[in-house]
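Listing of target-v8.cif, mmCIF, N, CA and C atoms
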```
data_structure
#
loop_
_atom_site.label_atom_id
_atom_site.label_comp_id
_atom_site.auth_asym_id
_atom_site.auth_seq_id
_atom_site.Cartn_x
_atom_site.Cartn_y
_atom_site.Cartn_z
N MET A 1 236.12 20.11 -94.91
CA MET A 1 234.76 19.69 -94.60
C MET A 1 234.40 18.39 -95.32
N GLN A 2 234.81 18.28 -96.59
CA GLN A 2 234.48 17.09 -97.35
C GLN A 2 235.12 15.85 -96.73
N GLU A 3 236.35 15.99 -96.24
CA GLU A 3 237.01 14.85 -95.60
C GLU A 3 236.26 14.41 -94.35
N PHE A 4 235.74 15.36 -93.60
CA PHE A 4 234.98 15.06 -92.40
C PHE A 4 233.73 14.24 -92.75
N ILE A 5 233.05 14.66 -93.79
CA ILE A 5 231.83 13.94 -94.22
C ILE A 5 232.18 12.52 -94.64
N VAL A 6 233.27 12.36 -95.37
CA VAL A 6 233.71 11.02 -95.79
C VAL A 6 234.04 10.16 -94.57
N GLN A 7 234.71 10.73 -93.59
CA GLN A 7 235.05 9.98 -92.37
C GLN A 7 233.79 9.51 -91.65
N ILE A 8 232.82 10.39 -91.49
CA ILE A 8 231.57 10.03 -90.81
C ILE A 8 230.83 8.95 -91.59
N THR A 9 230.76 9.12 -92.91
CA THR A 9 230.08 8.14 -93.76
C THR A 9 230.74 6.77 -93.63
N ASN A 10 232.05 6.72 -93.66
CA ASN A 10 232.77 5.45 -93.53
C ASN A 10 232.62 4.86 -92.13
N LYS A 11 232.71 5.69 -91.11
CA LYS A 11 232.62 5.22 -89.72
C LYS A 11 231.29 4.52 -89.46
N HIS A 12 230.22 5.10 -89.96
CA HIS A 12 228.89 4.54 -89.69
C HIS A 12 228.41 3.58 -90.79
N LYS A 13 229.29 3.31 -91.76
CA LYS A 13 228.97 2.40 -92.87
C LYS A 13 227.71 2.86 -93.62
N TRP A 14 227.69 4.16 -93.95
CA TRP A 14 226.55 4.76 -94.64
C TRP A 14 226.80 4.94 -96.13
N LYS A 15 227.80 4.27 -96.68
CA LYS A 15 228.15 4.49 -98.09
C LYS A 15 226.96 4.23 -99.01
N GLU A 16 226.30 3.11 -98.84
CA GLU A 16 225.14 2.79 -99.69
C GLU A 16 224.00 3.78 -99.44
N PHE A 17 223.79 4.11 -98.18
CA PHE A 17 222.72 5.05 -97.81
C PHE A 17 222.95 6.43 -98.41
N SER A 18 224.21 6.85 -98.53
CA SER A 18 224.51 8.21 -98.99
C SER A 18 224.68 8.32 -100.50
N GLN A 19 224.41 7.25 -101.23
CA GLN A 19 224.53 7.30 -102.69
C GLN A 19 223.38 8.09 -103.30
N SER A 20 223.64 8.65 -104.46
CA SER A 20 222.61 9.40 -105.19
C SER A 20 221.45 8.47 -105.54
N PRO A 21 220.21 8.95 -105.41
CA PRO A 21 219.06 8.09 -105.74
C PRO A 21 218.87 7.88 -107.23
N GLY A 22 219.71 8.48 -108.05
CA GLY A 22 219.60 8.29 -109.50
C GLY A 22 218.75 9.37 -110.13
N ASN A 23 217.96 8.98 -111.10
CA ASN A 23 217.16 9.94 -111.85
C ASN A 23 215.79 10.16 -111.22
N PHE A 24 215.74 10.29 -109.91
CA PHE A 24 214.47 10.47 -109.22
C PHE A 24 213.70 11.67 -109.76
N VAL A 25 214.37 12.80 -109.92
CA VAL A 25 213.70 14.02 -110.37
C VAL A 25 213.16 13.82 -111.78
N LEU A 26 213.95 13.25 -112.65
CA LEU A 26 213.52 13.00 -114.02
C LEU A 26 212.31 12.06 -114.04
N ASP A 27 212.35 10.99 -113.25
CA ASP A 27 211.22 10.05 -113.17
C ASP A 27 209.97 10.75 -112.64
N PHE A 28 210.14 11.58 -111.62
CA PHE A 28 209.01 12.30 -111.03
C PHE A 28 208.37 13.24 -112.04
N ILE A 29 209.19 14.01 -112.75
CA ILE A 29 208.68 14.96 -113.74
C ILE A 29 207.99 14.22 -114.89
N THR A 30 208.57 13.12 -115.33
CA THR A 30 207.95 12.32 -116.40
C THR A 30 206.57 11.84 -115.98
N LYS A 31 206.44 11.28 -114.76
CA LYS A 31 205.14 10.81 -114.28
C LYS A 31 204.16 11.96 -114.11
N PHE A 32 204.66 13.11 -113.64
CA PHE A 32 203.81 14.28 -113.46
C PHE A 32 203.13 14.65 -114.79
N TYR A 33 203.92 14.74 -115.86
CA TYR A 33 203.36 15.13 -117.15
C TYR A 33 202.52 14.01 -117.78
N GLN A 34 202.87 12.76 -117.55
CA GLN A 34 202.08 11.66 -118.09
C GLN A 34 200.68 11.62 -117.48
N ASN A 35 200.57 11.98 -116.21
CA ASN A 35 199.31 11.88 -115.49
C ASN A 35 198.59 13.22 -115.34
N MET A 36 199.00 14.22 -116.09
CA MET A 36 198.43 15.56 -115.94
C MET A 36 196.97 15.60 -116.40
N ASN A 37 196.14 16.24 -115.57
CA ASN A 37 194.74 16.49 -115.90
C ASN A 37 194.58 18.00 -115.97
N LYS A 38 194.55 18.55 -117.18
CA LYS A 38 194.52 20.01 -117.35
C LYS A 38 193.19 20.61 -116.91
N GLU A 39 192.10 19.85 -117.01
CA GLU A 39 190.80 20.38 -116.59
C GLU A 39 190.75 20.62 -115.08
N LYS A 40 191.37 19.73 -114.32
CA LYS A 40 191.36 19.84 -112.85
C LYS A 40 192.61 20.54 -112.30
N ASN A 41 193.55 20.89 -113.18
CA ASN A 41 194.82 21.49 -112.74
C ASN A 41 195.53 20.63 -111.70
N GLU A 42 195.60 19.34 -111.96
CA GLU A 42 196.30 18.45 -111.03
C GLU A 42 196.92 17.29 -111.78
N SER A 43 197.82 16.63 -111.09
CA SER A 43 198.45 15.43 -111.61
C SER A 43 198.59 14.45 -110.45
N ILE A 44 198.60 13.16 -110.76
CA ILE A 44 198.74 12.13 -109.73
C ILE A 44 200.05 11.40 -109.98
N VAL A 45 200.87 11.34 -108.93
CA VAL A 45 202.17 10.67 -109.03
C VAL A 45 202.17 9.50 -108.06
N LYS A 46 202.72 8.39 -108.51
CA LYS A 46 202.78 7.15 -107.73
C LYS A 46 201.39 6.65 -107.36
N GLY A 47 200.41 6.95 -108.18
CA GLY A 47 199.07 6.42 -108.01
C GLY A 47 198.24 7.03 -106.90
N LYS A 48 198.81 7.90 -106.08
CA LYS A 48 198.04 8.44 -104.96
C LYS A 48 198.35 9.89 -104.61
N LYS A 49 199.51 10.39 -104.94
CA LYS A 49 199.91 11.74 -104.54
C LYS A 49 199.40 12.75 -105.55
N LYS A 50 198.38 13.54 -105.16
CA LYS A 50 197.85 14.58 -106.04
C LYS A 50 198.69 15.84 -105.93
N ILE A 51 199.00 16.41 -107.07
CA ILE A 51 199.75 17.65 -107.11
C ILE A 51 198.88 18.69 -107.80
N ASP A 52 198.52 19.70 -107.06
CA ASP A 52 197.70 20.79 -107.57
C ASP A 52 198.62 21.82 -108.22
N PHE A 53 198.45 22.06 -109.51
CA PHE A 53 199.27 23.06 -110.19
C PHE A 53 198.43 24.22 -110.69
N SER A 54 197.37 24.53 -109.95
CA SER A 54 196.55 25.68 -110.30
C SER A 54 197.39 26.95 -110.19
N PRO A 55 197.01 28.02 -110.88
CA PRO A 55 197.80 29.27 -110.81
C PRO A 55 198.01 29.77 -109.38
N GLU A 56 196.98 29.65 -108.53
CA GLU A 56 197.11 30.13 -107.15
C GLU A 56 198.16 29.33 -106.37
N LYS A 57 198.09 28.01 -106.49
CA LYS A 57 199.06 27.16 -105.76
C LYS A 57 200.47 27.36 -106.31
N SER A 58 200.58 27.48 -107.61
CA SER A 58 201.90 27.67 -108.22
C SER A 58 202.53 28.98 -107.75
N MET A 59 201.74 30.04 -107.69
CA MET A 59 202.26 31.34 -107.25
C MET A 59 202.69 31.27 -105.78
N ARG A 60 201.88 30.62 -104.93
CA ARG A 60 202.26 30.47 -103.52
C ARG A 60 203.56 29.70 -103.38
N PHE A 61 203.71 28.65 -104.17
CA PHE A 61 204.92 27.83 -104.15
C PHE A 61 206.14 28.67 -104.54
N LEU A 62 206.01 29.44 -105.62
CA LEU A 62 207.13 30.27 -106.08
C LEU A 62 207.50 31.34 -105.05
N ILE A 63 206.51 31.98 -104.46
CA ILE A 63 206.78 33.01 -103.45
C ILE A 63 207.45 32.39 -102.22
N PHE A 64 206.96 31.25 -101.77
CA PHE A 64 207.56 30.57 -100.62
C PHE A 64 209.02 30.22 -100.89
N ASN A 65 209.30 29.66 -102.06
CA ASN A 65 210.68 29.27 -102.38
C ASN A 65 211.59 30.48 -102.52
N LEU A 66 211.08 31.57 -103.08
CA LEU A 66 211.86 32.79 -103.15
C LEU A 66 212.18 33.30 -101.75
N TRP A 67 211.19 33.30 -100.88
CA TRP A 67 211.38 33.74 -99.49
C TRP A 67 212.41 32.87 -98.77
N MET A 68 212.31 31.54 -98.94
CA MET A 68 213.26 30.64 -98.29
C MET A 68 214.68 30.85 -98.81
N THR A 69 214.81 31.09 -100.11
CA THR A 69 216.13 31.33 -100.69
C THR A 69 216.74 32.60 -100.13
N MET A 70 215.93 33.66 -100.06
CA MET A 70 216.44 34.93 -99.52
C MET A 70 216.79 34.78 -98.04
N ARG A 71 215.99 34.07 -97.31
CA ARG A 71 216.24 33.85 -95.88
C ARG A 71 217.55 33.08 -95.69
N HIS A 72 217.74 32.04 -96.50
CA HIS A 72 218.95 31.22 -96.42
C HIS A 72 220.19 32.06 -96.73
N LYS A 73 220.11 32.90 -97.77
CA LYS A 73 221.26 33.75 -98.13
C LYS A 73 221.57 34.73 -97.00
N SER A 74 220.54 35.28 -96.36
CA SER A 74 220.76 36.20 -95.23
C SER A 74 221.44 35.47 -94.08
N PHE A 75 221.02 34.24 -93.82
CA PHE A 75 221.61 33.44 -92.76
C PHE A 75 223.08 33.17 -93.05
N LEU A 76 223.39 32.84 -94.30
CA LEU A 76 224.79 32.57 -94.67
C LEU A 76 225.65 33.82 -94.49
N ARG A 77 225.12 34.99 -94.82
CA ARG A 77 225.90 36.23 -94.63
C ARG A 77 226.19 36.47 -93.15
N LEU A 78 225.25 36.12 -92.27
CA LEU A 78 225.47 36.31 -90.84
C LEU A 78 226.53 35.38 -90.29
N GLN A 79 226.73 34.22 -90.94
CA GLN A 79 227.69 33.23 -90.46
C GLN A 79 229.13 33.58 -90.82
N THR A 80 229.34 34.50 -91.76
CA THR A 80 230.71 34.82 -92.18
C THR A 80 231.28 35.97 -91.39
#
```
Let me see the structure of the file written as structure tokens.
Amino acid sequence: MQEFIVQITNKHKWKEFSQSPGNFVLDFITKFYQNMNKEKNESIVKGKKKIDFSPEKSMRFLIFNLWMTMRHKSFLRLQT
């Protein structure tokens, strides 16, 4: 499978496009904590993107991700 992906990447000249974006997650988390407003339970990233981290939103996010993970694992079992 890996060889197939390399062939497609080379064929379409996507090498630069397919490179890792670097420390995007680290940069995002750093900005999130730098701009955190604990009174409003939100943070602003890139000057405009508000992230609500209230307990209600956080719980919904965790439940959704747990559900998606379980769904994905069930799908993988069906494929084997």
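The interatomic distance for the pair CA of Ile29 (chain A) and CA of Ser43 (chain A) works out to 10.5 Å.
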Once 3 Å is added on each side, what centre and edge lengths in Å to one decimal does the axis-aligned box around all listed atoms of region 6-13 of chain A have, as JSON?
```
{"center_x": 231.4, "center_y": 7.4, "center_z": -92.6, "size_x": 13.3, "size_y": 16.0, "size_z": 12.3}
```
So which residues of chain A fall under strand (DSSP E or B) by DSSP, listed as a ChimeraX atom specification?
/A:36-37,42-45,49-52
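Closest approach to Phe28 (chain A) among A:Lys46, A:Lys11, A:Met68, A:Phe4: A:Lys46, based on all atoms listed in the file.
For the atom pair formed by atom C of Phe53 (chain A) and atom N of Phe24 (chain A), the distance is 22.2 Å, given to one decimal.
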Can you list, as a ChimeraX atom specification, every protein, DNA or RNA residue that comes within 6 Å of Ile51 (chain A) when you count only N, CA and C atoms, leaving out same-chain residues fewer than 6 positions away?
/A:41-45
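We find CA of Ser54 (chain A) and atom C of Lys40 (chain A) to be spaced 6.8 Å apart.
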I need the helix (DSSP H, G or I) residues of chain A per DSSP on the backbone, written as a VMD selection string.
chain A and resid 2 to 11 24 to 34 55 to 79
